[in-house]
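A.B. asks: input-v6.cif is reproduced below (mmCIF, C-alpha atoms and all ligand atoms).
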```
data_start
#
loop_
_atom_site.label_atom_id
_atom_site.label_comp_id
_atom_site.auth_asym_id
_atom_site.auth_seq_id
_atom_site.Cartn_x
_atom_site.Cartn_y
_atom_site.Cartn_z
CA MET A 1118 64.06 -92.37 282.58
CA TYR A 1119 64.54 -95.47 284.67
CA GLY A 1120 62.17 -98.30 285.52
CA ALA A 1121 61.80 -99.45 289.10
CA PRO A 1122 64.80 -101.20 290.63
CA LEU A 1123 64.52 -104.98 290.18
CA SER A 1124 62.17 -104.57 287.20
CA ALA A 1125 63.14 -105.21 283.57
CA GLY A 1126 63.56 -101.48 282.86
CA ALA A 1127 65.77 -100.75 285.88
CA HIS A 1128 68.99 -98.79 285.48
CA LYS A 1129 71.67 -100.94 287.06
CA ILE A 1130 75.10 -100.15 288.46
CA MET A 1131 77.66 -102.74 289.49
CA LEU A 1132 80.17 -101.63 292.12
CA LEU A 1133 83.55 -103.39 292.02
CA GLY A 1134 84.78 -103.09 295.59
CA SER A 1135 82.30 -102.75 298.46
CA GLY A 1136 83.97 -100.88 301.30
CA GLU A 1137 82.85 -97.83 303.27
CA LEU A 1138 83.12 -95.53 300.26
CA GLY A 1139 81.05 -97.83 298.06
CA LYS A 1140 78.40 -98.15 300.76
CA GLU A 1141 77.71 -94.41 300.49
CA VAL A 1142 77.76 -94.59 296.68
CA ILE A 1143 75.10 -97.31 296.77
CA ILE A 1144 72.93 -95.30 299.18
CA GLU A 1145 73.12 -92.26 296.89
CA ALA A 1146 72.36 -94.35 293.78
CA GLN A 1147 69.31 -95.84 295.47
CA ARG A 1148 68.10 -92.35 296.31
CA LEU A 1149 67.85 -91.77 292.55
CA GLY A 1150 66.03 -95.05 291.95
CA VAL A 1151 68.94 -97.07 290.60
CA GLU A 1152 69.33 -100.85 290.98
CA THR A 1153 72.60 -101.72 292.71
CA VAL A 1154 74.88 -104.75 292.68
CA ALA A 1155 77.88 -104.89 295.03
CA VAL A 1156 80.95 -107.06 294.45
CA ASP A 1157 84.00 -107.72 296.62
CA ARG A 1158 86.44 -110.44 297.60
CA TYR A 1159 84.73 -111.17 300.94
CA ALA A 1160 81.15 -111.57 302.16
CA ASN A 1161 79.14 -108.96 304.06
CA ALA A 1162 81.33 -106.08 302.93
CA PRO A 1163 79.86 -102.66 303.87
CA ALA A 1164 78.31 -101.84 300.47
CA MET A 1165 76.89 -105.36 300.17
CA GLN A 1166 74.82 -104.66 303.27
CA VAL A 1167 72.90 -101.90 301.47
CA ALA A 1168 72.91 -103.10 297.84
CA HIS A 1169 70.05 -104.96 296.16
CA ARG A 1170 72.36 -107.93 295.43
CA SER A 1171 75.92 -108.91 296.01
CA TYR A 1172 78.60 -111.32 294.79
CA VAL A 1173 81.87 -112.52 296.26
CA ILE A 1174 84.57 -113.06 293.61
CA SER A 1175 88.24 -112.28 293.10
CA MET A 1176 88.06 -109.10 291.04
CA LEU A 1177 91.67 -109.69 289.97
CA ASP A 1178 90.47 -112.80 288.13
CA GLY A 1179 89.58 -111.52 284.66
CA GLU A 1180 87.53 -114.57 283.71
CA ALA A 1181 85.44 -114.50 286.87
CA LEU A 1182 84.90 -110.76 286.43
CA ARG A 1183 83.79 -111.13 282.81
CA GLU A 1184 81.45 -113.99 283.67
CA LEU A 1185 79.73 -111.94 286.36
CA ILE A 1186 79.44 -108.80 284.23
CA GLU A 1187 78.00 -110.79 281.31
CA LYS A 1188 75.49 -112.38 283.66
CA GLU A 1189 74.36 -109.11 285.29
CA LYS A 1190 74.77 -106.81 282.24
CA PRO A 1191 75.02 -103.62 284.33
CA ASP A 1192 74.44 -100.24 282.67
CA LEU A 1193 77.44 -98.87 284.55
CA ILE A 1194 80.48 -100.65 286.00
CA VAL A 1195 81.80 -98.58 288.91
CA PRO A 1196 85.26 -99.48 290.27
CA GLU A 1197 85.57 -98.77 294.00
CA ILE A 1198 89.11 -100.11 294.59
CA GLU A 1199 92.26 -100.32 292.46
CA ALA A 1200 92.81 -104.09 292.62
CA ILE A 1201 90.66 -105.16 289.65
CA ALA A 1202 91.51 -107.01 286.41
CA THR A 1203 91.43 -103.70 284.53
CA GLN A 1204 92.53 -105.28 281.23
CA THR A 1205 89.19 -107.14 281.28
CA LEU A 1206 87.43 -103.82 281.87
CA VAL A 1207 89.23 -102.36 278.84
CA GLU A 1208 88.00 -105.29 276.72
CA LEU A 1209 84.45 -105.09 278.06
CA GLU A 1210 84.37 -101.36 277.36
CA SER A 1211 85.34 -102.01 273.74
CA GLU A 1212 82.43 -104.46 273.58
CA GLY A 1213 79.97 -101.75 274.63
CA TYR A 1214 79.94 -101.81 278.45
CA ARG A 1215 80.41 -98.48 280.26
CA VAL A 1216 83.16 -98.31 282.86
CA ILE A 1217 83.41 -95.36 285.26
CA PRO A 1218 85.07 -93.00 284.65
CA THR A 1219 86.65 -94.96 281.75
CA ALA A 1220 88.37 -98.34 281.58
CA THR A 1221 91.64 -96.62 280.68
CA ALA A 1222 91.40 -94.34 283.72
CA ALA A 1223 90.83 -97.40 285.92
CA ARG A 1224 93.79 -99.16 284.28
CA LEU A 1225 96.16 -96.18 284.56
CA THR A 1226 95.33 -95.43 288.20
CA MET A 1227 95.45 -99.08 289.23
CA ASP A 1228 99.22 -99.01 289.32
CA ARG A 1229 101.39 -96.15 290.43
CA GLU A 1230 103.57 -96.43 287.35
CA GLY A 1231 100.75 -95.79 284.86
CA ILE A 1232 99.46 -92.67 286.55
CA ARG A 1233 102.89 -91.31 287.50
CA ARG A 1234 104.21 -91.59 283.96
CA LEU A 1235 101.04 -89.95 282.59
CA ALA A 1236 101.24 -87.08 285.10
CA SER A 1237 104.95 -86.44 284.92
CA GLU A 1238 106.13 -87.59 281.50
CA THR A 1239 103.06 -86.93 279.32
CA LEU A 1240 101.46 -83.96 281.08
CA GLY A 1241 104.58 -82.41 282.64
CA LEU A 1242 102.97 -82.00 286.08
CA PRO A 1243 105.32 -81.40 289.01
CA THR A 1244 105.84 -84.62 291.02
CA ALA A 1245 108.43 -86.04 293.41
CA ARG A 1246 111.37 -87.55 291.49
CA TYR A 1247 110.84 -91.29 291.07
CA ALA A 1248 112.26 -94.58 289.86
CA PHE A 1249 110.96 -98.15 289.63
CA ALA A 1250 112.49 -101.47 290.69
CA ASP A 1251 111.61 -105.15 290.23
CA THR A 1252 114.27 -106.73 292.45
CA LEU A 1253 116.17 -105.88 295.61
CA ASP A 1254 119.28 -105.09 293.55
CA GLU A 1255 117.32 -102.76 291.29
CA LEU A 1256 115.86 -101.13 294.40
CA LYS A 1257 119.36 -100.45 295.75
CA ALA A 1258 120.23 -98.74 292.47
CA ALA A 1259 116.94 -96.79 292.48
CA VAL A 1260 117.51 -95.54 296.04
CA ALA A 1261 121.06 -94.50 295.09
CA GLU A 1262 119.58 -92.51 292.19
CA ILE A 1263 116.74 -90.83 294.16
CA GLY A 1264 118.67 -90.41 297.44
CA THR A 1265 117.47 -90.76 301.03
CA PRO A 1266 115.08 -90.19 302.64
CA CYS A 1267 112.73 -91.64 300.05
CA VAL A 1268 109.34 -93.33 300.07
CA ILE A 1269 109.06 -96.91 298.77
CA LYS A 1270 105.64 -98.27 297.76
CA PRO A 1271 104.37 -101.35 295.94
CA ILE A 1272 103.09 -100.15 292.55
CA MET A 1273 99.72 -101.68 293.38
CA SER A 1274 98.50 -100.93 296.90
CA SER A 1275 96.36 -98.43 298.74
CA SER A 1276 95.80 -96.95 302.18
CA GLY A 1277 99.57 -97.06 302.75
CA LYS A 1278 99.81 -100.85 302.65
CA GLY A 1279 103.40 -101.96 302.03
CA GLN A 1280 104.65 -98.35 302.06
CA SER A 1281 107.64 -97.19 304.08
CA VAL A 1282 110.11 -94.34 304.36
CA CYS A 1283 113.66 -95.43 303.62
CA ARG A 1284 115.92 -93.15 305.66
CA THR A 1285 119.31 -94.73 305.03
CA PRO A 1286 120.62 -97.42 302.67
CA ASP A 1287 120.42 -99.82 305.65
CA ASP A 1288 116.59 -99.59 305.46
CA ILE A 1289 116.37 -100.76 301.84
CA GLU A 1290 115.94 -104.45 302.53
CA THR A 1291 113.29 -103.86 305.22
CA SER A 1292 111.39 -101.55 302.83
CA TRP A 1293 111.59 -104.17 300.07
CA ASN A 1294 110.20 -106.86 302.38
CA LEU A 1295 107.41 -104.58 303.60
CA ALA A 1296 106.45 -103.78 300.00
CA MET A 1297 106.41 -107.46 299.05
CA GLU A 1298 104.10 -108.27 301.98
CA GLY A 1299 101.82 -105.25 301.51
CA GLY A 1300 101.29 -105.17 297.73
CA ARG A 1301 97.93 -106.34 296.41
CA ALA A 1302 99.10 -107.98 293.19
CA LYS A 1303 101.63 -110.68 292.54
CA LYS A 1304 103.90 -108.21 290.75
CA ALA A 1305 107.07 -107.51 292.75
CA ARG A 1306 107.46 -103.97 291.41
CA VAL A 1307 107.94 -100.90 293.57
CA ILE A 1308 108.18 -97.14 293.08
CA VAL A 1309 110.83 -95.12 294.90
CA GLU A 1310 109.83 -91.49 295.40
CA GLU A 1311 111.85 -88.54 296.58
CA PHE A 1312 110.59 -87.59 300.06
CA ILE A 1313 108.76 -84.27 299.74
CA ARG A 1314 108.92 -82.01 302.80
CA PHE A 1315 105.51 -80.49 302.33
CA ASP A 1316 103.80 -77.98 304.64
CA SER A 1317 100.45 -79.68 304.18
CA GLU A 1318 98.65 -82.03 301.83
CA ILE A 1319 95.21 -81.80 300.32
CA THR A 1320 92.67 -83.69 298.28
CA LEU A 1321 91.01 -81.62 295.61
CA LEU A 1322 87.75 -83.35 294.74
CA THR A 1323 87.14 -82.70 291.05
CA VAL A 1324 83.87 -83.58 289.35
CA ARG A 1325 83.49 -84.19 285.62
CA SER A 1326 79.77 -84.08 284.85
CA ALA A 1327 77.30 -82.94 282.23
CA SER A 1328 77.92 -79.43 283.65
CA GLY A 1329 81.67 -79.56 282.92
CA THR A 1330 84.45 -79.66 285.53
CA SER A 1331 83.76 -78.44 289.07
CA PHE A 1332 85.94 -78.36 292.16
CA CYS A 1333 85.05 -78.85 295.81
CA ALA A 1334 86.77 -76.69 298.42
CA PRO A 1335 90.20 -78.18 299.26
CA ILE A 1336 90.31 -80.88 301.93
CA GLY A 1337 93.32 -80.89 304.25
CA HIS A 1338 94.40 -84.15 305.83
CA ILE A 1339 96.89 -85.91 308.07
CA GLN A 1340 98.20 -89.35 307.22
CA LYS A 1341 99.99 -91.83 309.45
CA ASP A 1342 101.87 -94.79 307.98
CA GLY A 1343 100.44 -93.84 304.58
CA ASP A 1344 96.80 -93.95 305.70
CA TYR A 1345 94.48 -91.10 306.55
CA ILE A 1346 93.63 -90.32 310.17
CA GLU A 1347 91.97 -86.94 309.98
CA SER A 1348 90.61 -84.60 307.30
CA TRP A 1349 88.98 -81.17 307.25
CA GLN A 1350 87.35 -78.80 304.80
CA PRO A 1351 88.08 -76.11 303.82
CA HIS A 1352 91.87 -76.17 304.01
CA PHE A 1353 93.37 -72.69 303.94
CA MET A 1354 95.44 -72.00 300.83
CA SER A 1355 96.56 -68.80 299.14
CA SER A 1356 94.61 -67.98 296.00
CA ALA A 1357 97.77 -68.54 293.92
CA GLN A 1358 98.20 -72.01 295.43
CA LEU A 1359 94.54 -72.85 294.88
CA GLU A 1360 94.80 -71.78 291.26
CA GLU A 1361 97.89 -73.97 290.79
CA ALA A 1362 96.12 -76.91 292.45
CA GLN A 1363 93.01 -76.54 290.28
CA GLU A 1364 95.13 -76.28 287.16
CA ILE A 1365 96.88 -79.57 288.00
CA ALA A 1366 93.55 -81.24 288.86
CA ALA A 1367 91.96 -80.05 285.61
CA LYS A 1368 94.90 -81.34 283.54
CA ILE A 1369 95.00 -84.80 285.08
CA THR A 1370 91.22 -85.31 285.09
CA ASP A 1371 90.90 -84.03 281.50
CA ALA A 1372 93.56 -86.54 280.48
CA LEU A 1373 91.75 -89.38 282.26
CA GLY A 1374 88.36 -88.28 280.91
CA GLY A 1375 84.94 -89.84 281.44
CA THR A 1376 82.44 -88.70 284.03
CA GLY A 1377 82.55 -88.98 287.80
CA LEU A 1378 84.32 -87.58 290.82
CA TYR A 1379 88.09 -87.74 291.13
CA GLY A 1380 90.18 -87.25 294.30
CA VAL A 1381 93.33 -85.39 293.28
CA GLU A 1382 96.03 -85.67 295.97
CA LEU A 1383 98.48 -82.78 296.14
CA PHE A 1384 101.40 -81.79 298.38
CA LEU A 1385 101.68 -78.09 299.24
CA ALA A 1386 105.33 -77.10 299.58
CA PRO A 1387 106.54 -73.51 300.09
CA ASP A 1388 107.79 -73.23 296.52
CA LYS A 1389 105.23 -75.27 294.59
CA VAL A 1390 102.29 -77.62 294.47
CA TYR A 1391 103.16 -81.27 293.72
CA PHE A 1392 100.85 -83.81 292.14
CA SER A 1393 100.93 -87.03 294.20
CA GLU A 1394 98.22 -89.36 292.89
CA VAL A 1395 94.55 -89.43 291.89
CA SER A 1396 91.62 -91.72 292.65
CA PRO A 1397 89.05 -92.02 289.83
CA ARG A 1398 86.35 -92.33 292.49
CA PRO A 1399 85.35 -90.86 295.88
CA HIS A 1400 88.27 -90.48 298.27
CA ASP A 1401 88.56 -91.59 301.90
CA THR A 1402 89.55 -88.08 303.07
CA GLY A 1403 86.42 -86.82 301.26
CA MET A 1404 84.12 -88.52 303.77
CA VAL A 1405 84.15 -85.12 305.48
CA THR A 1406 81.84 -83.86 302.70
CA MET A 1407 79.02 -85.90 304.26
CA ALA A 1408 79.00 -83.17 306.92
CA SER A 1409 80.35 -80.12 305.09
CA GLN A 1410 78.60 -79.96 301.70
CA ASP A 1411 75.03 -79.95 300.41
CA LEU A 1412 76.02 -82.76 298.02
CA SER A 1413 78.57 -85.19 299.46
CA GLU A 1414 81.34 -86.58 297.26
CA PHE A 1415 79.21 -89.72 296.93
CA ALA A 1416 76.12 -87.82 295.78
CA LEU A 1417 78.31 -85.91 293.31
CA HIS A 1418 79.86 -89.09 291.92
CA VAL A 1419 76.46 -90.70 291.40
CA ARG A 1420 74.98 -87.62 289.73
CA ALA A 1421 77.95 -87.30 287.43
CA ILE A 1422 78.13 -90.97 286.40
CA LEU A 1423 74.40 -91.07 285.67
CA GLY A 1424 74.92 -88.16 283.28
CA PHE A 1425 73.07 -85.57 285.39
CA PRO A 1426 74.14 -81.95 285.85
CA VAL A 1427 76.05 -80.58 288.84
CA PRO A 1428 75.22 -76.89 288.56
CA THR A 1429 76.47 -75.93 292.04
CA ILE A 1430 78.37 -77.45 294.94
CA ARG A 1431 77.88 -75.62 298.22
CA LEU A 1432 80.22 -75.82 301.19
CA LEU A 1433 77.74 -75.27 304.01
CA THR A 1434 80.09 -75.23 306.99
CA PRO A 1435 83.62 -76.04 308.12
CA ALA A 1436 83.76 -79.72 309.03
CA ALA A 1437 86.20 -82.47 309.93
CA SER A 1438 86.46 -86.25 309.98
CA TYR A 1439 88.51 -88.50 312.28
CA THR A 1440 88.89 -92.26 311.83
CA LEU A 1441 88.51 -95.19 314.20
CA LYS A 1442 90.98 -97.97 313.44
CA ALA A 1443 91.32 -101.50 314.75
CA ASP A 1444 94.61 -102.71 316.22
CA ARG A 1445 94.33 -106.51 315.84
CA ASP A 1446 92.72 -109.38 313.97
CA ALA A 1447 89.28 -110.31 315.29
CA GLU A 1448 85.99 -111.76 314.09
CA THR A 1449 84.09 -111.06 317.25
CA PHE A 1450 84.12 -107.52 318.49
CA ARG A 1451 81.76 -104.68 319.31
CA ILE A 1452 82.03 -101.00 318.61
CA GLY A 1453 81.21 -98.98 321.70
CA GLY A 1454 81.23 -95.37 322.78
CA LEU A 1455 78.48 -94.16 320.46
CA PRO A 1456 76.47 -92.55 323.29
CA GLU A 1457 79.50 -90.51 324.35
CA ALA A 1458 80.52 -89.62 320.78
CA LEU A 1459 77.00 -88.61 319.79
CA ALA A 1460 76.56 -86.53 322.94
CA LEU A 1461 79.00 -84.04 321.41
CA PRO A 1462 77.39 -81.16 319.50
CA ASN A 1463 77.24 -81.15 315.69
CA THR A 1464 78.65 -84.66 315.49
CA GLN A 1465 77.71 -87.77 313.53
CA VAL A 1466 79.29 -91.20 313.29
CA ARG A 1467 79.42 -93.67 310.39
CA VAL A 1468 80.05 -97.27 311.47
CA PHE A 1469 81.04 -99.16 308.32
CA GLY A 1470 79.87 -102.61 309.43
CA LYS A 1471 83.05 -104.48 308.34
CA PRO A 1472 82.76 -108.08 309.52
CA GLU A 1473 86.36 -108.45 310.76
CA THR A 1474 89.00 -106.24 312.27
CA LYS A 1475 92.66 -106.21 311.19
CA PRO A 1476 95.56 -104.13 312.49
CA GLY A 1477 95.10 -100.63 311.07
CA ARG A 1478 91.73 -101.40 309.46
CA ARG A 1479 89.37 -98.42 309.37
CA MET A 1480 86.10 -99.38 311.05
CA ALA A 1481 84.22 -96.10 311.55
CA VAL A 1482 84.57 -92.35 311.17
CA ALA A 1483 83.40 -89.41 313.26
CA LEU A 1484 82.17 -86.31 311.42
CA SER A 1485 81.77 -82.92 313.09
CA THR A 1486 80.98 -79.42 311.98
CA GLY A 1487 82.02 -76.19 313.71
CA GLU A 1488 82.12 -72.43 313.40
CA THR A 1489 85.75 -72.91 312.41
CA VAL A 1490 87.84 -75.78 311.03
CA GLU A 1491 89.71 -75.87 314.37
CA GLU A 1492 86.48 -76.39 316.31
CA ALA A 1493 85.29 -79.09 313.88
CA ARG A 1494 88.65 -80.90 314.14
CA ARG A 1495 88.59 -80.76 317.92
CA LEU A 1496 85.06 -82.22 318.05
CA ALA A 1497 85.69 -84.98 315.48
CA LYS A 1498 88.86 -86.03 317.28
CA GLU A 1499 87.08 -86.11 320.62
CA ALA A 1500 84.19 -88.10 319.12
CA ALA A 1501 86.53 -90.66 317.54
CA GLY A 1502 88.40 -90.85 320.86
CA ASN A 1503 85.12 -91.79 322.55
CA LEU A 1504 84.58 -94.67 320.11
CA ARG A 1505 86.24 -97.92 321.00
CA ILE A 1506 86.48 -101.45 319.73
CA GLU A 1507 85.86 -104.10 322.37
CA TYR A 1508 87.36 -107.42 321.34
CA SER A 1509 86.20 -110.71 322.78
N1 LIG B 1 106.96 -88.77 298.02
C1 LIG B 1 106.41 -88.55 299.21
N2 LIG B 1 106.95 -87.63 300.04
C2 LIG B 1 106.41 -87.41 301.27
N3 LIG B 1 105.33 -88.05 301.75
C3 LIG B 1 104.74 -88.96 300.95
C4 LIG B 1 105.24 -89.26 299.65
N4 LIG B 1 104.46 -90.21 299.09
C5 LIG B 1 103.51 -90.48 300.01
N5 LIG B 1 103.67 -89.74 301.13
C6 LIG B 1 102.79 -89.75 302.31
O1 LIG B 1 102.13 -91.00 302.38
C7 LIG B 1 100.71 -90.84 302.15
C8 LIG B 1 100.16 -92.01 301.37
O2 LIG B 1 100.80 -92.09 300.11
P1 LIG B 1 99.97 -92.49 298.82
O3 LIG B 1 98.81 -91.60 298.69
O4 LIG B 1 100.89 -92.57 297.68
O5 LIG B 1 99.53 -93.97 299.27
P2 LIG B 1 98.24 -94.79 299.05
O6 LIG B 1 98.55 -96.14 299.60
O7 LIG B 1 97.86 -94.67 297.62
O8 LIG B 1 97.15 -94.12 299.92
P3 LIG B 1 95.57 -93.97 299.59
O9 LIG B 1 95.14 -95.18 298.85
O10 LIG B 1 94.99 -93.89 300.96
O11 LIG B 1 95.45 -92.70 298.84
C9 LIG B 1 100.59 -89.52 301.44
O12 LIG B 1 99.29 -88.98 301.60
C10 LIG B 1 101.68 -88.71 302.14
O13 LIG B 1 101.28 -88.30 303.43
N1 LIG B 2 92.37 -95.35 300.52
C1 LIG B 2 91.44 -96.14 299.80
C2 LIG B 2 90.21 -96.43 300.66
O1 LIG B 2 90.02 -95.87 301.71
N2 LIG B 2 89.33 -97.31 300.15
C3 LIG B 2 88.18 -97.75 300.86
O2 LIG B 2 88.55 -98.76 301.78
C4 LIG B 2 87.94 -99.99 301.40
C5 LIG B 2 88.82 -101.19 301.72
O3 LIG B 2 88.89 -101.27 303.10
P1 LIG B 2 89.52 -102.57 303.84
O4 LIG B 2 90.97 -102.61 303.37
O5 LIG B 2 89.35 -102.26 305.28
O6 LIG B 2 88.75 -103.76 303.36
C6 LIG B 2 87.62 -99.86 299.93
O7 LIG B 2 86.63 -100.76 299.52
C7 LIG B 2 87.20 -98.40 299.89
O8 LIG B 2 85.88 -98.22 300.36
MG MG B 3 96.96 -91.53 298.54
#
```
Let me see the structure of the file written as structure tokens.

C.D. replies:
Amino acid sequence: MYGAPLSAGAHKIMLLGSGELGKEVIIEAQRLGVETVAVDRYANAPAMQVAHRSYVISMLDGEALRELIEKEKPDLIVPEIEAIATQTLVELESEGYRVIPTATAARLTMDREGIRRLASETLGLPTARYAFADTLDELKAAVAEIGTPCVIKPIMSSSGKGQSVCRTPDDIETSWNLAMEGGRAKKARVIVEEFIRFDSEITLLTVRSASGTSFCAPIGHIQKDGDYIESWQPHFMSSAQLEEAQEIAAKITDALGGTGLYGVELFLAPDKVYFSEVSPRPHDTGMVTMASQDLSEFALHVRAILGFPVPTIRLLTPAASYTLKADRDAETFRIGGLPEALALPNTQVRVFGKPETKPGRRMAVALSTGETVEEARRLAKEAAGNLRIEYS
């Protein structure tokens, strides 16, 4: 039982990270009468525009984070990005605060090393071969060990930032420099991964709730430069492959524990299913569920973290999402083409409301349904193609 938002008895969540995914989480939380506080490193972030209150702080600054949490005393702390002072969350959890899904899950998934070692070394899940490096010389040795082509990523980054494919030893220095520029933390550590020649890749949304563990239908997606462009649901898989994928997702989410929705990223190769990484929160490729399912990934996350049951998840129709990205830095711009995009059948658009554009920054997404996945993909792509950013 919750009191009214903004009253003394309100149930309060604090979102750490306030992008497009958090905006939908806040909307779903408000639908259940929850008070919402949004936090990010810049003002007017998407989720801040719909939350009851917001704060701008560096979430990598443990002291600032603690001060804010002690001031607001949220019932639930809900990480929305990786780049957070997770050690502070671990301490706050031991003092009685609740972190979603758990502070340890946030800490392990914050850096690629924590989650990769858990998946591969502790749980024995199949992953690409990997090595870590702290300096250019160590990177040269790591690439020699893994072989080329390989993928080099800062251990703390997301949406492909600082990631590159190293095709020959001549690329190593360029990859190192890209990783140093693109990483979110000050740590100069990178992971080198064997390049997996997969047939397709999926996100398996996995919900841990009062009803136990449930899976959404697999979401297929296409990534460019390490960031997602297009996703669709359902993705066709053989029943043996789906079983393997669900087994991996159950193992990793059981190990991470807590309640909430996880996005388990998997590569589907002819011989096996590889674990790639996992988000302990809604996933960008899962935005398609706003069109495809009765309960979107955001509604599922909110239900689960509030301790409510998730008895069923229904896939209502094939659907697809296609992103609109900016190509330059700008503070004044307009997003146009909505009349054309929305003239298409079975199509919706989400404009995130980010205050600035940056090269590659995701600004909006088109969502379409269809009789088939192919039809939905065609419509979503056409709708996103109609959207445009006019810079001035
Ligand atoms: N070892 C690999 N072999 C082949 N492709 C890879 C490999 N690692 C990553 N990729 C490709 O790059 C994409 C992004 O990689 P990854 O998910 O590790 O980055 P990310 O920055 O965490 O992205 P996000 O935060 O959007 O999930 C993958 O979805 C896949 O398409
Ligand atoms: N792949 C992770 C992902 O999609 N995260 C989403 O992007 C936002 C950051 O966007 P920005 O970099 O444009 O500020 C995050 O806040 C989250 O909503
Ligand atoms: Mg990923």

A.B. asks: Return as a ChimeraX atom specification every polymer residue, whether protein, DNA or RNA, with at least one atom no more than 7 Å from an atom of ligand LIG 2 (chain B); count all atoms listed in the file.

C.D. replies: /A:1134-1139,1197-1198,1275-1276,1344,1400-1401,1478-1479

A.B. asks: Can I get the selection written as a compact mmCIF listing (two decimals), in the coordinates of the input, with C-alpha atoms?

C.D. replies:
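Below is the file result19.txt, written as the result:
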```
# COMPACT_ATOMS: atom_id res chain seq x y z
CA GLY A 1134 84.78 -103.09 295.59
CA SER A 1135 82.30 -102.75 298.46
CA GLY A 1136 83.97 -100.88 301.30
CA GLU A 1137 82.85 -97.83 303.27
CA LEU A 1138 83.12 -95.53 300.26
CA GLY A 1139 81.05 -97.83 298.06
CA GLU A 1197 85.57 -98.77 294.00
CA ILE A 1198 89.11 -100.11 294.59
CA SER A 1275 96.36 -98.43 298.74
CA SER A 1276 95.80 -96.95 302.18
CA ASP A 1344 96.80 -93.95 305.70
CA HIS A 1400 88.27 -90.48 298.27
CA ASP A 1401 88.56 -91.59 301.90
CA ARG A 1478 91.73 -101.40 309.46
CA ARG A 1479 89.37 -98.42 309.37
```

A.B. asks: Would you kindly return, as a VMD selection string, each protein, DNA or RNA residue with an atom no farther than 10 Å from any atom of A:Ala1168, considering all atoms listed in the file and excluding same-chain residues fewer than 6 positions away?

C.D. replies: chain A and resid 1131 to 1132 1135 1139 to 1140 1142 to 1144 1146 to 1147 1152 to 1156

A.B. asks: Could you save those same residues with C-alpha atoms as a PDB file, in the frame of the given file?

C.D. replies:
```pdb
ATOM      1  CA  MET A1131      77.660-102.740 289.490  1.00  0.00           C
ATOM      2  CA  LEU A1132      80.170-101.630 292.120  1.00  0.00           C
ATOM      3  CA  SER A1135      82.300-102.750 298.460  1.00  0.00           C
ATOM      4  CA  GLY A1139      81.050 -97.830 298.060  1.00  0.00           C
ATOM      5  CA  LYS A1140      78.400 -98.150 300.760  1.00  0.00           C
ATOM      6  CA  VAL A1142      77.760 -94.590 296.680  1.00  0.00           C
ATOM      7  CA  ILE A1143      75.100 -97.310 296.770  1.00  0.00           C
ATOM      8  CA  ILE A1144      72.930 -95.300 299.180  1.00  0.00           C
ATOM      9  CA  ALA A1146      72.360 -94.350 293.780  1.00  0.00           C
ATOM     10  CA  GLN A1147      69.310 -95.840 295.470  1.00  0.00           C
ATOM     11  CA  GLU A1152      69.330-100.850 290.980  1.00  0.00           C
ATOM     12  CA  THR A1153      72.600-101.720 292.710  1.00  0.00           C
ATOM     13  CA  VAL A1154      74.880-104.750 292.680  1.00  0.00           C
ATOM     14  CA  ALA A1155      77.880-104.890 295.030  1.00  0.00           C
ATOM     15  CA  VAL A1156      80.950-107.060 294.450  1.00  0.00           C
TER      16      VAL A1156
END
```

A.B. asks: Which residues are near ligand MG 3 (chain B) in this structure, taking near to mean any atom at most 10 Å from a ligand atom and counting all atoms listed in the file? Format them as a list in words.

C.D. replies: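 Based on all atoms listed in the file, ligand MG 3 (chain B) is surrounded within 10 Å by Ser1274, Ser1275, Ser1276, Gly1277, Thr1320, Gln1340, Gly1343, Asp1344, Tyr1345, Gly1380, Val1381, Glu1382, Leu1383, Ser1393, Glu1394, Val1395, Ser1396, His1400, Asp1401 and Thr1402 of chain A.
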
A.B. asks: Using only C-alpha atoms, pick whichever of A:Ile1232, A:Cys1283, A:Glu1310, A:Arg1494 has the shortest atom-to-atom distance to A:Ala1248.

C.D. replies: A:Glu1310

A.B. asks: Would you mind telling me which residue in A:Thr1226, A:Asn1294, A:Gln1204, A:Ser1438 lies nearest to ligand LIG 1 (chain B) when using all atoms listed in the file?

C.D. replies: A:Thr1226

A.B. asks: Check the smallest atom-to-atom distance from each of A:Lys1257, A:Lys1129, A:Lys1341, A:Arg1284 to ligand LIG 1 (chain B) using all atoms listed in the file, then report the winner.

C.D. replies: A:Lys1341

A.B. asks: Out of A:Asp1251, A:Glu1199, A:Glu1210, A:Glu1141, which residue has the shortest atom-to-atom distance to A:Leu1225 when counting all atoms listed in the file?

C.D. replies: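 Looking at the shortest contact to A:Leu1225, the residue is A:Glu1199.
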
A.B. asks: From the list A:Leu1412, A:Val1173, A:Val1282, A:Ala1500, which residue is nearest ligand LIG 1 (chain B) when using all atoms listed in the file?

C.D. replies: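 Ranking A:Leu1412, A:Val1173, A:Val1282, A:Ala1500 by distance to ligand LIG 1 (chain B), first place goes to A:Val1282.
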
A.B. asks: Mind giving me the straight-line distance from atom CA of A:Ala1250 to atom CA of A:Asp1178 in Å, one decimal?

C.D. replies: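 Distance between the two atoms: 24.9 Å.
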
A.B. asks: Under the rule that only C-alpha atoms and all ligand atoms are counted, which of A:Ala1202, A:Cys1267, A:Leu1209, A:Leu1256 is the nearest residue to ligand LIG 1 (chain B)?

C.D. replies: A:Cys1267

A.B. asks: Find the spatial neighbours of A:Ala1447, counting all atoms listed in the file, within a cut-off of 12 Å - ignore same-chain residues fewer than 6 positions away - and output them as a VMD selection string.

C.D. replies: chain A and resid 1471 to 1476 1478 1506 to 1509

A.B. asks: What does the distance between atom CA of A:Val1268 and atom C5 of ligand LIG 1 (chain B) come to in Å, to one decimal place?

C.D. replies: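 Taking atom CA of A:Val1268 as the start and atom C5 of ligand LIG 1 (chain B) as the end point, the length is 6.5 Å.
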